[in-house]
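Source file: model39.cif (mmCIF, N, CA, C and O atoms)
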data_protein
loop_
_atom_site.label_atom_id
_atom_site.label_comp_id
_atom_site.auth_asym_id
_atom_site.auth_seq_id
_atom_site.Cartn_x
_atom_site.Cartn_y
_atom_site.Cartn_z
N MET A 44 51.20 -53.99 37.46
CA MET A 44 50.37 -53.72 36.29
C MET A 44 48.93 -54.13 36.53
O MET A 44 48.02 -53.42 36.17
N LYS A 45 48.74 -55.32 37.15
CA LYS A 45 47.39 -55.79 37.42
C LYS A 45 46.67 -54.84 38.37
O LYS A 45 45.49 -54.57 38.21
N LYS A 46 47.40 -54.30 39.33
CA LYS A 46 46.80 -53.36 40.29
C LYS A 46 46.34 -52.10 39.57
O LYS A 46 45.26 -51.57 39.85
N LEU A 47 47.13 -51.61 38.61
CA LEU A 47 46.77 -50.43 37.85
C LEU A 47 45.50 -50.68 37.02
O LEU A 47 44.60 -49.84 36.98
N ILE A 48 45.42 -51.84 36.41
CA ILE A 48 44.22 -52.19 35.63
C ILE A 48 43.01 -52.26 36.54
O ILE A 48 41.93 -51.77 36.19
N ASP A 49 43.14 -52.85 37.72
CA ASP A 49 42.03 -52.92 38.67
C ASP A 49 41.57 -51.53 39.09
O ASP A 49 40.36 -51.27 39.20
N ILE A 50 42.50 -50.62 39.30
CA ILE A 50 42.14 -49.25 39.71
C ILE A 50 41.39 -48.55 38.57
O ILE A 50 40.38 -47.89 38.80
N VAL A 51 41.88 -48.70 37.34
CA VAL A 51 41.22 -48.07 36.19
C VAL A 51 39.81 -48.65 36.00
O VAL A 51 38.85 -47.91 35.78
N LEU A 52 39.67 -49.97 36.10
CA LEU A 52 38.35 -50.60 35.96
C LEU A 52 37.41 -50.14 37.06
O LEU A 52 36.23 -49.88 36.83
N LEU A 53 37.92 -50.03 38.28
CA LEU A 53 37.10 -49.57 39.40
C LEU A 53 36.64 -48.13 39.18
O LEU A 53 35.50 -47.79 39.44
N PHE A 54 37.54 -47.30 38.64
CA PHE A 54 37.18 -45.91 38.36
C PHE A 54 36.05 -45.84 37.33
O PHE A 54 35.06 -45.15 37.53
N PHE A 55 36.19 -46.56 36.22
CA PHE A 55 35.18 -46.50 35.17
C PHE A 55 33.87 -47.16 35.60
O PHE A 55 32.81 -46.79 35.12
N ALA A 56 33.93 -48.12 36.49
CA ALA A 56 32.71 -48.74 36.98
C ALA A 56 31.91 -47.79 37.85
O ALA A 56 30.69 -47.89 37.94
N SER A 57 32.57 -46.83 38.49
CA SER A 57 31.86 -45.90 39.38
C SER A 57 31.39 -44.65 38.66
O SER A 57 30.63 -43.86 39.21
N VAL A 58 31.83 -44.42 37.41
CA VAL A 58 31.43 -43.24 36.65
C VAL A 58 30.14 -43.55 35.90
O VAL A 58 30.07 -44.53 35.17
N PRO A 59 29.07 -42.72 36.08
CA PRO A 59 27.83 -42.99 35.34
C PRO A 59 28.02 -42.77 33.85
O PRO A 59 28.77 -41.90 33.43
N LEU A 60 27.35 -43.61 33.06
CA LEU A 60 27.41 -43.48 31.61
C LEU A 60 26.62 -42.26 31.17
O LEU A 60 25.49 -42.05 31.59
N THR A 61 27.23 -41.45 30.31
CA THR A 61 26.54 -40.27 29.81
C THR A 61 26.71 -40.18 28.30
O THR A 61 27.66 -40.73 27.74
N MET A 62 25.78 -39.51 27.67
CA MET A 62 25.88 -39.21 26.26
C MET A 62 25.50 -37.75 26.11
O MET A 62 24.42 -37.34 26.51
N ALA A 63 26.39 -36.96 25.56
CA ALA A 63 26.19 -35.52 25.41
C ALA A 63 25.89 -34.87 26.76
O ALA A 63 25.07 -33.98 26.87
N GLY A 64 26.55 -35.36 27.80
CA GLY A 64 26.39 -34.77 29.12
C GLY A 64 25.17 -35.22 29.89
O GLY A 64 24.97 -34.83 31.03
N ARG A 65 24.31 -36.03 29.27
CA ARG A 65 23.10 -36.51 29.95
C ARG A 65 23.26 -37.99 30.26
O ARG A 65 23.83 -38.73 29.47
N PRO A 66 22.73 -38.45 31.41
CA PRO A 66 22.84 -39.87 31.74
C PRO A 66 22.06 -40.74 30.76
O PRO A 66 21.01 -40.34 30.26
N ILE A 67 22.59 -41.90 30.49
CA ILE A 67 21.93 -42.86 29.61
C ILE A 67 21.00 -43.71 30.46
O ILE A 67 21.40 -44.31 31.45
N ALA A 68 19.73 -43.76 30.09
CA ALA A 68 18.74 -44.54 30.83
C ALA A 68 18.90 -46.01 30.48
O ALA A 68 19.09 -46.36 29.31
N ALA A 69 18.82 -46.84 31.47
CA ALA A 69 18.89 -48.28 31.23
C ALA A 69 17.58 -48.78 30.67
O ALA A 69 16.51 -48.31 31.05
N ILE A 70 17.64 -49.72 29.76
CA ILE A 70 16.44 -50.31 29.17
C ILE A 70 15.98 -51.44 30.08
O ILE A 70 16.73 -52.37 30.35
N GLN A 71 14.79 -51.32 30.56
CA GLN A 71 14.21 -52.36 31.39
C GLN A 71 13.62 -53.44 30.49
O GLN A 71 13.02 -53.13 29.47
N PRO A 72 13.78 -54.71 30.85
CA PRO A 72 13.23 -55.78 30.00
C PRO A 72 11.74 -55.64 29.75
O PRO A 72 11.25 -56.00 28.71
N SER A 73 11.00 -55.11 30.70
CA SER A 73 9.56 -54.98 30.52
C SER A 73 9.19 -53.86 29.56
O SER A 73 8.07 -53.79 29.09
N SER A 74 10.14 -52.95 29.27
CA SER A 74 9.82 -51.83 28.38
C SER A 74 9.93 -52.21 26.91
O SER A 74 9.49 -51.47 26.06
N VAL A 75 10.54 -53.34 26.61
CA VAL A 75 10.68 -53.80 25.23
C VAL A 75 9.81 -55.03 25.06
O VAL A 75 10.03 -56.05 25.68
N GLN A 76 8.79 -54.88 24.21
CA GLN A 76 7.88 -56.00 23.99
C GLN A 76 7.77 -56.28 22.51
O GLN A 76 7.53 -55.39 21.72
N ILE A 77 7.95 -57.52 22.17
CA ILE A 77 7.78 -57.96 20.79
C ILE A 77 6.80 -59.12 20.82
O ILE A 77 7.03 -60.11 21.49
N ASP A 78 5.68 -58.96 20.13
CA ASP A 78 4.71 -60.05 20.04
C ASP A 78 5.22 -61.03 19.00
O ASP A 78 5.03 -60.84 17.81
N ALA A 79 5.88 -62.06 19.47
CA ALA A 79 6.49 -63.03 18.57
C ALA A 79 5.45 -64.00 18.05
O ALA A 79 4.65 -64.54 18.81
N PRO A 80 5.42 -64.21 16.75
CA PRO A 80 4.53 -65.22 16.18
C PRO A 80 4.96 -66.61 16.62
O PRO A 80 6.11 -66.84 16.98
N ARG A 81 4.03 -67.54 16.58
CA ARG A 81 4.32 -68.93 16.90
C ARG A 81 4.55 -69.68 15.59
O ARG A 81 3.77 -69.55 14.65
N ILE A 82 5.63 -70.46 15.53
CA ILE A 82 5.97 -71.20 14.31
C ILE A 82 5.92 -72.69 14.63
O ILE A 82 6.48 -73.14 15.63
N SER A 83 5.23 -73.43 13.78
CA SER A 83 5.24 -74.89 13.91
C SER A 83 5.66 -75.50 12.57
O SER A 83 5.28 -75.01 11.51
N VAL A 84 6.47 -76.54 12.66
CA VAL A 84 7.01 -77.21 11.47
C VAL A 84 6.57 -78.66 11.51
O VAL A 84 6.73 -79.34 12.51
N SER A 85 5.97 -79.12 10.41
CA SER A 85 5.57 -80.51 10.28
C SER A 85 6.04 -81.00 8.91
O SER A 85 5.52 -80.54 7.88
N GLN A 86 7.03 -81.87 8.91
CA GLN A 86 7.70 -82.33 7.69
C GLN A 86 8.22 -81.12 6.93
O GLN A 86 9.08 -80.43 7.40
N ASN A 87 7.69 -80.83 5.74
CA ASN A 87 8.17 -79.66 5.02
C ASN A 87 7.15 -78.51 5.01
O ASN A 87 7.29 -77.56 4.26
N SER A 88 6.15 -78.59 5.87
CA SER A 88 5.12 -77.56 5.97
C SER A 88 5.39 -76.67 7.19
O SER A 88 5.61 -77.17 8.29
N VAL A 89 5.35 -75.36 6.98
CA VAL A 89 5.60 -74.39 8.05
C VAL A 89 4.32 -73.58 8.25
O VAL A 89 3.73 -73.08 7.30
N THR A 90 3.89 -73.46 9.51
CA THR A 90 2.72 -72.65 9.85
C THR A 90 3.14 -71.56 10.82
O THR A 90 3.74 -71.85 11.85
N ILE A 91 2.83 -70.31 10.46
CA ILE A 91 3.12 -69.17 11.32
C ILE A 91 1.79 -68.64 11.82
O ILE A 91 0.90 -68.31 11.03
N THR A 92 1.64 -68.53 13.14
CA THR A 92 0.42 -68.03 13.76
C THR A 92 0.77 -66.77 14.54
O THR A 92 1.68 -66.78 15.37
N THR A 93 0.03 -65.69 14.27
CA THR A 93 0.28 -64.42 14.95
C THR A 93 -0.83 -64.13 15.94
O THR A 93 -1.89 -64.76 15.92
N SER A 94 -0.60 -63.15 16.79
CA SER A 94 -1.59 -62.78 17.79
C SER A 94 -2.39 -61.55 17.38
O SER A 94 -3.24 -61.09 18.13
N THR A 95 -2.13 -61.00 16.20
CA THR A 95 -2.83 -59.79 15.77
C THR A 95 -3.84 -60.12 14.69
O THR A 95 -3.59 -60.89 13.78
N ASP A 96 -5.02 -59.49 14.80
CA ASP A 96 -6.08 -59.66 13.81
C ASP A 96 -6.05 -58.51 12.81
O ASP A 96 -5.80 -57.36 13.18
N ASN A 97 -6.32 -58.80 11.55
CA ASN A 97 -6.50 -57.81 10.50
C ASN A 97 -5.32 -56.85 10.34
O ASN A 97 -5.48 -55.76 9.83
N ALA A 98 -4.15 -57.24 10.77
CA ALA A 98 -2.96 -56.42 10.55
C ALA A 98 -2.13 -57.08 9.46
O ALA A 98 -1.88 -58.28 9.50
N THR A 99 -1.72 -56.30 8.48
CA THR A 99 -0.91 -56.84 7.40
C THR A 99 0.51 -57.06 7.93
O THR A 99 1.13 -56.15 8.46
N GLN A 100 0.98 -58.28 7.81
CA GLN A 100 2.33 -58.61 8.24
C GLN A 100 3.07 -59.29 7.10
O GLN A 100 2.49 -60.09 6.37
N THR A 101 4.33 -58.96 6.96
CA THR A 101 5.17 -59.57 5.93
C THR A 101 6.24 -60.41 6.60
O THR A 101 7.01 -59.91 7.43
N PHE A 102 6.27 -61.68 6.26
CA PHE A 102 7.27 -62.61 6.76
C PHE A 102 8.25 -62.88 5.64
O PHE A 102 7.84 -63.13 4.51
N GLU A 103 9.53 -62.84 5.96
CA GLU A 103 10.57 -63.14 4.98
C GLU A 103 11.32 -64.37 5.46
O GLU A 103 11.68 -64.46 6.64
N VAL A 104 11.56 -65.31 4.56
CA VAL A 104 12.28 -66.53 4.88
C VAL A 104 13.60 -66.48 4.12
O VAL A 104 13.62 -66.34 2.90
N TYR A 105 14.71 -66.59 4.87
CA TYR A 105 16.05 -66.54 4.29
C TYR A 105 16.75 -67.87 4.48
O TYR A 105 16.57 -68.54 5.49
N SER A 106 17.57 -68.23 3.49
CA SER A 106 18.42 -69.41 3.65
C SER A 106 19.58 -69.02 4.55
O SER A 106 19.78 -67.85 4.87
N MET A 107 20.37 -70.00 4.97
CA MET A 107 21.50 -69.71 5.85
C MET A 107 22.60 -68.92 5.13
O MET A 107 23.48 -68.36 5.77
N THR A 108 22.54 -68.85 3.81
CA THR A 108 23.50 -68.04 3.06
C THR A 108 23.02 -66.60 2.89
O THR A 108 23.72 -65.79 2.30
N GLY A 109 21.83 -66.30 3.39
CA GLY A 109 21.30 -64.94 3.32
C GLY A 109 20.42 -64.65 2.13
O GLY A 109 19.96 -63.53 1.94
N GLN A 110 20.14 -65.66 1.32
CA GLN A 110 19.31 -65.48 0.14
C GLN A 110 17.84 -65.51 0.54
O GLN A 110 17.40 -66.39 1.28
N LEU A 111 17.06 -64.54 0.04
CA LEU A 111 15.62 -64.53 0.30
C LEU A 111 14.98 -65.69 -0.44
O LEU A 111 15.09 -65.81 -1.66
N VAL A 112 14.32 -66.58 0.30
CA VAL A 112 13.71 -67.77 -0.28
C VAL A 112 12.24 -67.55 -0.53
O VAL A 112 11.70 -67.95 -1.56
N LYS A 113 11.56 -66.89 0.39
CA LYS A 113 10.11 -66.71 0.28
C LYS A 113 9.70 -65.46 1.04
O LYS A 113 10.26 -65.15 2.08
N ARG A 114 8.73 -64.74 0.50
CA ARG A 114 8.14 -63.58 1.18
C ARG A 114 6.63 -63.79 1.21
O ARG A 114 6.01 -63.99 0.18
N ILE A 115 6.08 -63.77 2.42
CA ILE A 115 4.65 -63.98 2.60
C ILE A 115 4.05 -62.74 3.24
O ILE A 115 4.50 -62.32 4.30
N THR A 116 3.05 -62.16 2.59
CA THR A 116 2.32 -61.03 3.17
C THR A 116 0.91 -61.52 3.46
O THR A 116 0.23 -62.02 2.56
N THR A 117 0.47 -61.37 4.71
CA THR A 117 -0.83 -61.89 5.11
C THR A 117 -1.54 -60.95 6.06
O THR A 117 -0.90 -60.19 6.78
N THR A 118 -2.86 -61.01 6.02
CA THR A 118 -3.68 -60.29 7.00
C THR A 118 -4.38 -61.28 7.92
O THR A 118 -5.07 -60.88 8.85
N ASP A 119 -4.22 -62.57 7.63
CA ASP A 119 -4.82 -63.61 8.47
C ASP A 119 -3.96 -63.83 9.71
O ASP A 119 -2.80 -63.42 9.77
N ARG A 120 -4.52 -64.52 10.68
CA ARG A 120 -3.76 -64.86 11.89
C ARG A 120 -2.80 -66.01 11.64
O ARG A 120 -1.91 -66.25 12.43
N SER A 121 -2.97 -66.71 10.53
CA SER A 121 -2.16 -67.89 10.27
C SER A 121 -1.78 -67.96 8.79
O SER A 121 -2.59 -67.63 7.93
N ALA A 122 -0.56 -68.40 8.53
CA ALA A 122 -0.09 -68.60 7.16
C ALA A 122 0.66 -69.92 7.10
O ALA A 122 1.48 -70.21 7.98
N THR A 123 0.38 -70.73 6.09
CA THR A 123 1.04 -72.02 5.92
C THR A 123 1.70 -72.06 4.55
O THR A 123 1.11 -71.65 3.55
N PHE A 124 2.93 -72.57 4.51
CA PHE A 124 3.66 -72.69 3.25
C PHE A 124 4.64 -73.85 3.38
O PHE A 124 4.89 -74.35 4.47
N GLU A 125 5.19 -74.27 2.23
CA GLU A 125 6.12 -75.40 2.21
C GLU A 125 7.51 -74.94 1.84
O GLU A 125 7.69 -74.00 1.06
N LEU A 126 8.51 -75.62 2.43
CA LEU A 126 9.91 -75.34 2.16
C LEU A 126 10.65 -76.66 1.98
O LEU A 126 10.29 -77.66 2.61
N PRO A 127 11.69 -76.69 1.16
CA PRO A 127 12.51 -77.90 1.06
C PRO A 127 13.37 -78.07 2.32
O PRO A 127 13.47 -77.15 3.14
N ARG A 128 13.98 -79.24 2.46
CA ARG A 128 14.84 -79.50 3.62
C ARG A 128 15.93 -78.44 3.75
O ARG A 128 16.46 -77.98 2.75
N GLY A 129 16.25 -78.09 5.01
CA GLY A 129 17.33 -77.13 5.24
C GLY A 129 17.09 -76.29 6.47
O GLY A 129 16.09 -76.46 7.18
N CYS A 130 17.99 -75.36 6.71
CA CYS A 130 17.88 -74.42 7.83
C CYS A 130 17.52 -73.05 7.26
O CYS A 130 18.08 -72.62 6.24
N TYR A 131 16.61 -72.37 7.92
CA TYR A 131 16.12 -71.09 7.44
C TYR A 131 15.99 -70.10 8.60
O TYR A 131 15.90 -70.50 9.77
N ILE A 132 15.94 -68.83 8.27
CA ILE A 132 15.65 -67.78 9.23
C ILE A 132 14.37 -67.10 8.77
O ILE A 132 14.29 -66.64 7.63
N VAL A 133 13.38 -67.06 9.66
CA VAL A 133 12.11 -66.39 9.38
C VAL A 133 12.16 -65.04 10.08
O VAL A 133 12.47 -64.96 11.27
N ARG A 134 11.87 -63.98 9.34
CA ARG A 134 11.96 -62.63 9.90
C ARG A 134 10.67 -61.87 9.66
O ARG A 134 10.05 -61.97 8.61
N CYS A 135 10.28 -61.09 10.67
CA CYS A 135 9.12 -60.20 10.56
C CYS A 135 9.44 -58.97 11.41
O CYS A 135 9.44 -59.04 12.64
N GLY A 136 9.72 -57.85 10.75
CA GLY A 136 10.07 -56.64 11.48
C GLY A 136 11.36 -56.83 12.26
O GLY A 136 12.39 -57.22 11.71
N ARG A 137 11.31 -56.60 13.58
CA ARG A 137 12.50 -56.76 14.43
C ARG A 137 12.63 -58.17 14.97
O ARG A 137 13.60 -58.50 15.63
N TRP A 138 11.69 -59.03 14.69
CA TRP A 138 11.66 -60.39 15.22
C TRP A 138 12.23 -61.35 14.20
O TRP A 138 12.01 -61.23 13.00
N SER A 139 13.00 -62.35 14.66
CA SER A 139 13.50 -63.39 13.76
C SER A 139 13.62 -64.70 14.53
O SER A 139 13.78 -64.72 15.75
N LYS A 140 13.55 -65.81 13.78
CA LYS A 140 13.61 -67.14 14.39
C LYS A 140 14.23 -68.10 13.40
O LYS A 140 13.96 -68.05 12.20
N LYS A 141 15.09 -69.00 13.89
CA LYS A 141 15.70 -70.01 13.04
C LYS A 141 14.84 -71.27 13.07
O LYS A 141 14.38 -71.68 14.12
N ILE A 142 14.61 -71.85 11.89
CA ILE A 142 13.85 -73.09 11.81
C ILE A 142 14.65 -74.11 11.01
O ILE A 142 15.48 -73.76 10.19
N ILE A 143 14.36 -75.38 11.29
CA ILE A 143 15.03 -76.48 10.58
C ILE A 143 13.96 -77.39 10.00
O ILE A 143 13.07 -77.84 10.71
N ILE A 144 14.05 -77.64 8.71
CA ILE A 144 13.14 -78.55 8.01
C ILE A 144 13.90 -79.85 7.77
O ILE A 144 14.92 -79.86 7.09
N ASN A 145 13.41 -80.96 8.36
CA ASN A 145 14.08 -82.27 8.19
C ASN A 145 13.53 -83.01 7.01
O ASN A 145 12.42 -83.09 6.74
#

Have the structure of the file written as structure tokens, please.
Amino acid sequence: MKKLIDIVLLFFASVPLTMAGRPIAAIQPSSVQIDAPRISVSQNSVTITTSTDNATQTFEVYSMTGQLVKRITTTDRSATFELPRGCYIVRCGRWSKKIIIN
């Protein structure tokens, strides 16, 4: 049985992946770029610093239960706000980061 499984795995490993008859291109790590904001936490104060100027960005802060705690829309490079103690997820577009407030 193990030999049969090895043969099947070897067969599928040698077959190129296709979708609708066309090969699937591999995503290179350099082709996906996300300019991640920098987050710093000091006591209960959170500062988010971005690398983009004059671009409107919306940051959403969620509790660990998934409840939206705060939504910040800013055009500045930096935004500062306060949160009570706990664990949170900060999200902006496709980017997200977990933070802990002690």

Min atom-atom distance to Cys130 (chain A) from the set A:Thr92, A:Asn97, A:Thr118, A:Thr108, counting only N, CA, C and O atoms, belongs to A:Thr108

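One distance worth recording is that between atom N of Thr93 (chain A) and atom N of Ala79 (chain A), which is 8.6 Å.
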
Among listed residues A:Phe102, A:Asp96, A:Gly109, A:Arg120, nearest Trp138 (chain A) (using all atoms listed in the file):
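Among A:Phe102, A:Asp96, A:Gly109, A:Arg120, it is A:Phe102 that comes nearest to Trp138 (chain A).
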
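Remark: for Thr95 (chain A), the closest of the candidate residues A:Gln110, A:Thr123, A:Thr117, A:Asn145 is A:Thr117 (distances computed over all atoms listed in the file).
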
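You can rank A:Asp119, A:Phe124, A:Arg134, A:Gly129 by their closest distance to Val89 (chain A) using only C-alpha atoms, and at the top of that list sits A:Phe124.
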
Check your understanding: So how many Å separate CA of Thr90 (chain A) and atom C of Ala122 (chain A), to one decimal?
Key ->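 Atom-to-atom, CA of Thr90 (chain A) and atom C of Ala122 (chain A) are spaced 4.4 Å apart.
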
Would you pick out the contacts of Ile143 (chain A) at 12 Å or less, using only C-alpha atoms, so that residues sharing its chain but fewer than 4 positions from it are not included, and give the list as a list in words?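 Listed by chain and then number, they are Ile82, Ser83, Val84, Ser85, Gln86, Asn87, Ser88, Val89, Val104, Tyr105, Ser106, Met107, Leu126, Pro127, Arg128, Gly129, Cys130, Tyr131, Ile132 and Val133 of chain A.
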
As a check of understanding: the span from atom O of Ile115 (chain A) to atom C of Thr99 (chain A) is 7.5 Å
